[in-house]
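**Student:** Next comes the structure file final-v2.txt, holding compact mmCIF, C-alpha atoms and all ligand atoms.
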# COMPACT_ATOMS: atom_id res chain seq x y z
CA MET A 1 -14.05 30.05 24.35
CA LEU A 2 -10.62 31.11 25.57
CA LEU A 3 -7.62 30.86 23.21
CA LEU A 4 -4.21 30.91 24.91
CA PHE A 5 -1.19 31.58 22.71
CA ASP A 6 2.48 30.86 23.20
CA ILE A 7 4.92 33.51 21.93
CA ASP A 8 8.29 32.26 20.61
CA GLY A 9 7.96 29.98 17.58
CA THR A 10 4.17 30.43 17.62
CA LEU A 11 3.51 34.17 17.15
CA THR A 12 7.07 35.44 16.73
CA ARG A 13 10.63 34.61 15.86
CA GLY A 14 14.00 36.29 16.23
CA GLY A 15 15.03 39.02 18.61
CA PRO A 16 17.91 39.30 21.07
CA ALA A 17 16.59 37.06 23.88
CA ARG A 18 19.43 34.56 23.90
CA ALA A 19 22.14 37.24 23.94
CA ALA A 20 20.27 39.09 26.71
CA PHE A 21 19.93 35.83 28.64
CA ALA A 22 23.66 35.10 28.33
CA HIS A 23 24.63 38.60 29.42
CA ALA A 24 22.27 38.59 32.41
CA LEU A 25 23.48 35.14 33.52
CA GLU A 26 27.10 36.30 33.43
CA ARG A 27 26.30 39.53 35.26
CA THR A 28 24.22 37.86 37.96
CA PHE A 29 25.95 34.52 38.49
CA GLY A 30 29.33 34.89 36.78
CA ALA A 31 28.46 31.84 34.67
CA ALA A 32 26.14 31.15 31.75
CA GLY A 33 26.51 27.41 31.11
CA PRO A 34 25.98 26.21 27.52
CA VAL A 35 23.55 29.08 26.81
CA PHE A 36 24.14 29.22 23.04
CA ASP A 37 23.61 25.45 22.56
CA HIS A 38 20.79 24.90 25.03
CA ASP A 39 17.25 24.07 23.89
CA PHE A 40 14.99 26.86 25.21
CA SER A 41 11.84 25.85 23.36
CA GLY A 42 8.71 25.26 25.39
CA LYS A 43 10.47 25.91 28.72
CA THR A 44 9.92 28.69 31.21
CA ASP A 45 12.72 31.23 31.67
CA PRO A 46 13.28 30.18 35.34
CA LEU A 47 13.57 26.52 34.27
CA ILE A 48 16.09 27.42 31.53
CA THR A 49 18.08 29.39 34.10
CA ARG A 50 18.13 26.47 36.52
CA GLU A 51 19.15 24.01 33.78
CA LEU A 52 21.99 26.19 32.47
CA LEU A 53 23.43 27.00 35.87
CA THR A 54 23.17 23.39 37.06
CA GLU A 55 25.20 22.47 33.95
CA ALA A 56 27.68 25.18 34.95
CA GLY A 57 28.02 23.52 38.37
CA LEU A 58 26.30 26.14 40.54
CA PRO A 59 24.60 24.90 43.70
CA LEU A 60 20.83 25.10 43.75
CA ARG A 61 20.76 27.53 46.68
CA ASP A 62 22.87 30.03 44.73
CA ILE A 63 20.58 29.69 41.73
CA GLU A 64 17.47 30.26 43.86
CA ALA A 65 19.05 33.21 45.63
CA GLY A 66 20.08 34.95 42.41
CA LEU A 67 16.96 34.28 40.37
CA PRO A 68 15.02 37.47 41.20
CA ARG A 69 18.04 39.63 40.37
CA PHE A 70 18.66 37.63 37.19
CA CYS A 71 15.07 38.17 36.05
CA ARG A 72 15.31 41.96 36.48
CA CYS A 73 18.69 42.01 34.74
CA TYR A 74 17.46 39.88 31.81
CA VAL A 75 14.49 42.16 31.11
CA THR A 76 16.79 45.21 31.26
CA GLU A 77 19.25 43.55 28.85
CA LEU A 78 16.43 42.54 26.52
CA GLU A 79 15.04 46.07 26.48
CA ALA A 80 18.48 47.50 25.71
CA ARG A 81 18.91 45.24 22.66
CA ILE A 82 15.45 44.85 21.16
CA ALA A 83 15.30 48.04 19.09
CA ALA A 84 18.43 46.98 17.18
CA HIS A 85 17.27 43.34 16.91
CA PRO A 86 13.49 43.45 16.72
CA VAL A 87 11.25 40.45 17.20
CA THR A 88 9.32 39.54 14.04
CA ALA A 89 5.71 38.41 13.88
CA LEU A 90 5.45 35.09 12.04
CA PRO A 91 3.51 35.06 8.74
CA GLY A 92 -0.23 35.40 9.34
CA ALA A 93 0.12 36.15 13.07
CA HIS A 94 -0.97 39.79 12.81
CA ALA A 95 -4.01 38.99 10.68
CA LEU A 96 -5.02 35.99 12.77
CA ILE A 97 -4.70 37.67 16.16
CA GLY A 98 -6.28 40.90 14.94
CA GLU A 99 -9.26 38.98 13.64
CA LEU A 100 -9.67 36.79 16.74
CA ALA A 101 -9.33 39.80 19.05
CA GLY A 102 -12.14 41.54 17.18
CA ARG A 103 -14.60 38.68 17.52
CA GLY A 104 -17.25 38.73 20.20
CA ASP A 105 -17.36 34.97 20.70
CA VAL A 106 -13.75 34.22 21.65
CA PHE A 107 -11.35 35.62 24.25
CA ILE A 108 -7.60 35.58 23.77
CA GLY A 109 -4.66 35.48 26.14
CA LEU A 110 -1.10 34.23 26.56
CA VAL A 111 0.51 31.16 28.06
CA THR A 112 4.26 31.57 27.71
CA GLY A 113 7.47 30.59 29.44
CA ASN A 114 8.68 34.17 29.04
CA LEU A 115 8.86 36.37 32.11
CA GLU A 116 6.01 38.88 31.91
CA GLY A 117 8.43 41.73 31.26
CA GLY A 118 10.10 39.77 28.46
CA ALA A 119 6.76 38.82 26.92
CA ARG A 120 5.71 42.47 26.88
CA LEU A 121 8.93 43.61 25.21
CA LYS A 122 8.84 40.86 22.58
CA LEU A 123 5.18 41.34 21.67
CA ARG A 124 5.48 45.14 21.65
CA SER A 125 8.42 44.75 19.26
CA ALA A 126 6.29 42.52 17.03
CA GLY A 127 3.26 44.83 17.29
CA LEU A 128 1.05 42.27 19.02
CA TRP A 129 1.05 43.15 22.74
CA ASP A 130 -2.11 45.24 22.81
CA HIS A 131 -4.26 42.30 21.73
CA PHE A 132 -3.57 40.29 24.89
CA PRO A 133 -5.29 41.60 28.02
CA VAL A 134 -4.43 38.52 30.11
CA GLY A 135 -1.78 35.85 30.31
CA ALA A 136 0.29 33.53 32.45
CA PHE A 137 4.05 33.81 32.30
CA GLY A 138 7.29 32.13 33.29
CA SER A 139 7.46 34.68 36.10
CA ASP A 140 4.30 33.11 37.56
CA HIS A 141 5.61 29.54 37.81
CA GLU A 142 8.66 27.55 36.72
CA ASP A 143 6.49 24.59 35.68
CA ARG A 144 4.71 25.33 32.40
CA ASN A 145 1.95 22.87 33.28
CA GLU A 146 0.87 25.25 36.07
CA LEU A 147 0.44 28.20 33.70
CA PRO A 148 -2.87 27.50 31.91
CA SER A 149 -4.83 27.37 35.18
CA ILE A 150 -3.31 30.72 36.19
CA ALA A 151 -4.38 32.16 32.82
CA LEU A 152 -7.91 30.80 33.35
CA ARG A 153 -8.15 32.54 36.73
CA ARG A 154 -6.89 35.83 35.29
CA ALA A 155 -9.32 35.58 32.37
CA ALA A 156 -12.18 35.02 34.83
CA ALA A 157 -11.15 38.08 36.85
CA HIS A 158 -10.69 40.21 33.72
CA TRP A 159 -13.91 39.32 31.91
CA GLY A 160 -16.04 38.65 34.98
CA ARG A 161 -17.14 35.16 34.03
CA PRO A 162 -15.74 31.70 34.74
CA PHE A 163 -13.52 29.90 32.23
CA HIS A 164 -12.92 26.15 32.23
CA GLY A 165 -10.14 24.12 30.67
CA THR A 166 -12.65 22.29 28.51
CA GLU A 167 -13.64 25.55 26.74
CA THR A 168 -10.01 26.55 26.22
CA VAL A 169 -7.54 26.03 23.37
CA VAL A 170 -3.79 26.18 24.01
CA VAL A 171 -1.81 27.11 20.88
CA GLY A 172 1.95 26.51 20.84
CA ASP A 173 4.91 25.16 18.91
CA THR A 174 6.32 22.40 21.16
CA PRO A 175 5.28 19.12 22.82
CA LEU A 176 5.57 21.00 26.16
CA ASP A 177 2.85 23.43 25.02
CA VAL A 178 0.63 20.46 24.14
CA ALA A 179 1.30 18.88 27.54
CA CYS A 180 0.45 22.05 29.48
CA GLY A 181 -2.84 22.39 27.61
CA ARG A 182 -3.72 18.82 28.38
CA ALA A 183 -2.93 19.46 32.07
CA VAL A 184 -6.12 21.59 32.29
CA GLY A 185 -8.21 19.55 29.87
CA ALA A 186 -7.83 22.12 27.09
CA ALA A 187 -7.81 21.36 23.39
CA THR A 188 -4.40 21.86 21.79
CA VAL A 189 -3.24 23.26 18.48
CA ALA A 190 0.41 22.97 17.51
CA VAL A 191 2.20 24.96 14.80
CA ALA A 192 5.38 23.82 13.10
CA THR A 193 6.93 27.29 12.97
CA GLY A 194 9.33 26.61 15.85
CA ARG A 195 11.88 23.80 16.21
CA TYR A 196 9.40 20.92 15.89
CA SER A 197 8.12 19.37 12.68
CA ILE A 198 4.53 18.52 11.85
CA ALA A 199 5.33 14.81 12.42
CA GLN A 200 6.86 15.51 15.85
CA LEU A 201 3.86 17.60 16.91
CA GLU A 202 1.46 14.92 15.70
CA ALA A 203 3.44 12.39 17.75
CA ALA A 204 2.94 14.69 20.77
CA ASP A 205 -0.80 14.18 20.24
CA ALA A 206 -1.88 17.75 19.57
CA ASP A 207 -5.56 17.90 18.59
CA ARG A 208 -4.70 19.93 15.47
CA VAL A 209 -1.33 20.46 13.83
CA LEU A 210 -0.70 23.33 11.43
CA ALA A 211 2.29 24.23 9.26
CA GLY A 212 1.80 27.81 10.53
CA PHE A 213 -0.62 30.75 10.42
CA ALA A 214 0.20 31.90 6.87
CA ASP A 215 -3.14 30.49 5.69
CA VAL A 216 -5.05 32.68 8.14
CA GLU A 217 -8.48 31.33 7.34
CA ALA A 218 -7.40 27.69 7.79
CA ALA A 219 -5.58 28.56 11.03
CA ARG A 220 -8.61 30.36 12.45
CA GLU A 221 -10.88 27.49 11.49
CA ALA A 222 -8.57 24.87 13.04
CA ILE A 223 -8.12 26.81 16.29
CA VAL A 224 -11.77 27.71 16.83
CA SER A 225 -13.06 24.26 15.82
CA ALA A 226 -10.59 22.62 18.23
CA GLY A 227 -12.33 24.42 21.10
CA LEU A 228 -15.88 23.44 20.17
CA PRO A 229 -17.46 20.67 22.23
MG MG A 301 7.27 28.50 21.86
Represent the structure contained in this file as structure tokens.
**Tutor:**
Amino acid sequence: MLLLFDIDGTLTRGGPARAAFAHALERTFGAAGPVFDHDFSGKTDPLITRELLTEAGLPLRDIEAGLPRFCRCYVTELEARIAAHPVTALPGAHALIGELAGRGDVFIGLVTGNLEGGARLKLRSAGLWDHFPVGAFGSDHEDRNELPSIALRRAAAHWGRPFHGTETVVVGDTPLDVACGRAVGAATVAVATGRYSIAQLEAADADRVLAGFADVEAAREAIVSAGLP
């Protein structure tokens, strides 16, 4: 069984990502759009960039042309700020991930809209990076629904055995996480530690909905049982 975790609102909170994003947008494009009011949750970083700059009135070709430079700049800006504004692991995340990573019967990885460089910085800050040998990132594809299949391929290459969507659980904090899991036939577990309530996540049709990981035993049971046939 492969368990694929989102980062922001699922494993972590806080950190300087929005300020780094704003700074990198200004430096790269000379515009940042409504960056401090925009809803980032569940979206990939390239999609957020496109949305903000479209709001700011930039033509698509300029956005496309600047995106690689923006991505490098954002990761640099994030790295410069993260020591002063660390990312925090959500309650129970360390215990849950540590325990799952130590089991022989499950494999764990990431599916996140963060650029790979941003994901690494955030999870290092929270003390969780070393548990995740594989993942799919916003730097792999702008469409989150494409990410789980990329993670499955990387897991297969890393562990030397095939992985299928039907033996996978996608764990996240937004309806977009639930949708991307469903796109590969994975089971889905949603946690209400981001911007969405338990009722909203139930309405998104997640297979299991949790208040969070603070009750580590209940979280582990819900996640692993979701992935059983
Ligand atoms: Mg999230």
**Student:** Which residues are near ligand MG 301 (chain A) - at most 9 Å, using all atoms listed in the file? Format: as a ChimeraX atom specification.
**Tutor:** /A:6-12,40-43,112-113,172-174,176-177,193-195
**Student:** List the spatial neighbours of Ala31 of chain A as a ChimeraX atom specification - criterion: any atom at most 12 Å away, only C-alpha atoms, same-chain residues fewer than 6 positions off excluded.
**Tutor:** /A:21-25,49-50,52-58,62-63,66,70
**Student:** So that I have them on file, write out the residues from the current selection with C-alpha atoms, as an mmCIF file, in the frame of the given file.
**Tutor:**
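Result written to out-v2.cif:
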data_model
loop_
_atom_site.group_PDB
_atom_site.id
_atom_site.type_symbol
_atom_site.label_atom_id
_atom_site.label_comp_id
_atom_site.auth_asym_id
_atom_site.auth_seq_id
_atom_site.Cartn_x
_atom_site.Cartn_y
_atom_site.Cartn_z
ATOM 1 C CA PHE A 21 19.930 35.830 28.640
ATOM 2 C CA ALA A 22 23.660 35.100 28.330
ATOM 3 C CA HIS A 23 24.630 38.600 29.420
ATOM 4 C CA ALA A 24 22.270 38.590 32.410
ATOM 5 C CA LEU A 25 23.480 35.140 33.520
ATOM 6 C CA THR A 49 18.080 29.390 34.100
ATOM 7 C CA ARG A 50 18.130 26.470 36.520
ATOM 8 C CA LEU A 52 21.990 26.190 32.470
ATOM 9 C CA LEU A 53 23.430 27.000 35.870
ATOM 10 C CA THR A 54 23.170 23.390 37.060
ATOM 11 C CA GLU A 55 25.200 22.470 33.950
ATOM 12 C CA ALA A 56 27.680 25.180 34.950
ATOM 13 C CA GLY A 57 28.020 23.520 38.370
ATOM 14 C CA LEU A 58 26.300 26.140 40.540
ATOM 15 C CA ASP A 62 22.870 30.030 44.730
ATOM 16 C CA ILE A 63 20.580 29.690 41.730
ATOM 17 C CA GLY A 66 20.080 34.950 42.410
ATOM 18 C CA PHE A 70 18.660 37.630 37.190
#
**Student:** Would you mind telling me which residue in A:Met1, A:Ala32, A:Ile48, A:Ala89 lies nearest to Leu115 of chain A when using all atoms listed in the file?
**Tutor:** A:Ile48
**Student:** If I take atom CA of Phe29 of chain A and atom CA of Phe137 of chain A, how far is one from the other in Å, to one decimal?
**Tutor:**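 Those two atoms sit 22.8 Å apart.
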**Student:** Would you mind listing what lies within 10 Å of Gly127 of chain A as a list of chain:residue names, with only C-alpha atoms counted and same-chain residues fewer than 3 positions away left out?
**Tutor:**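 The residues satisfying every condition are A:Val87, A:Thr88, A:Ala89, A:His94, A:Leu121, A:Lys122, A:Leu123, A:Arg124, A:Asp130, A:His131.
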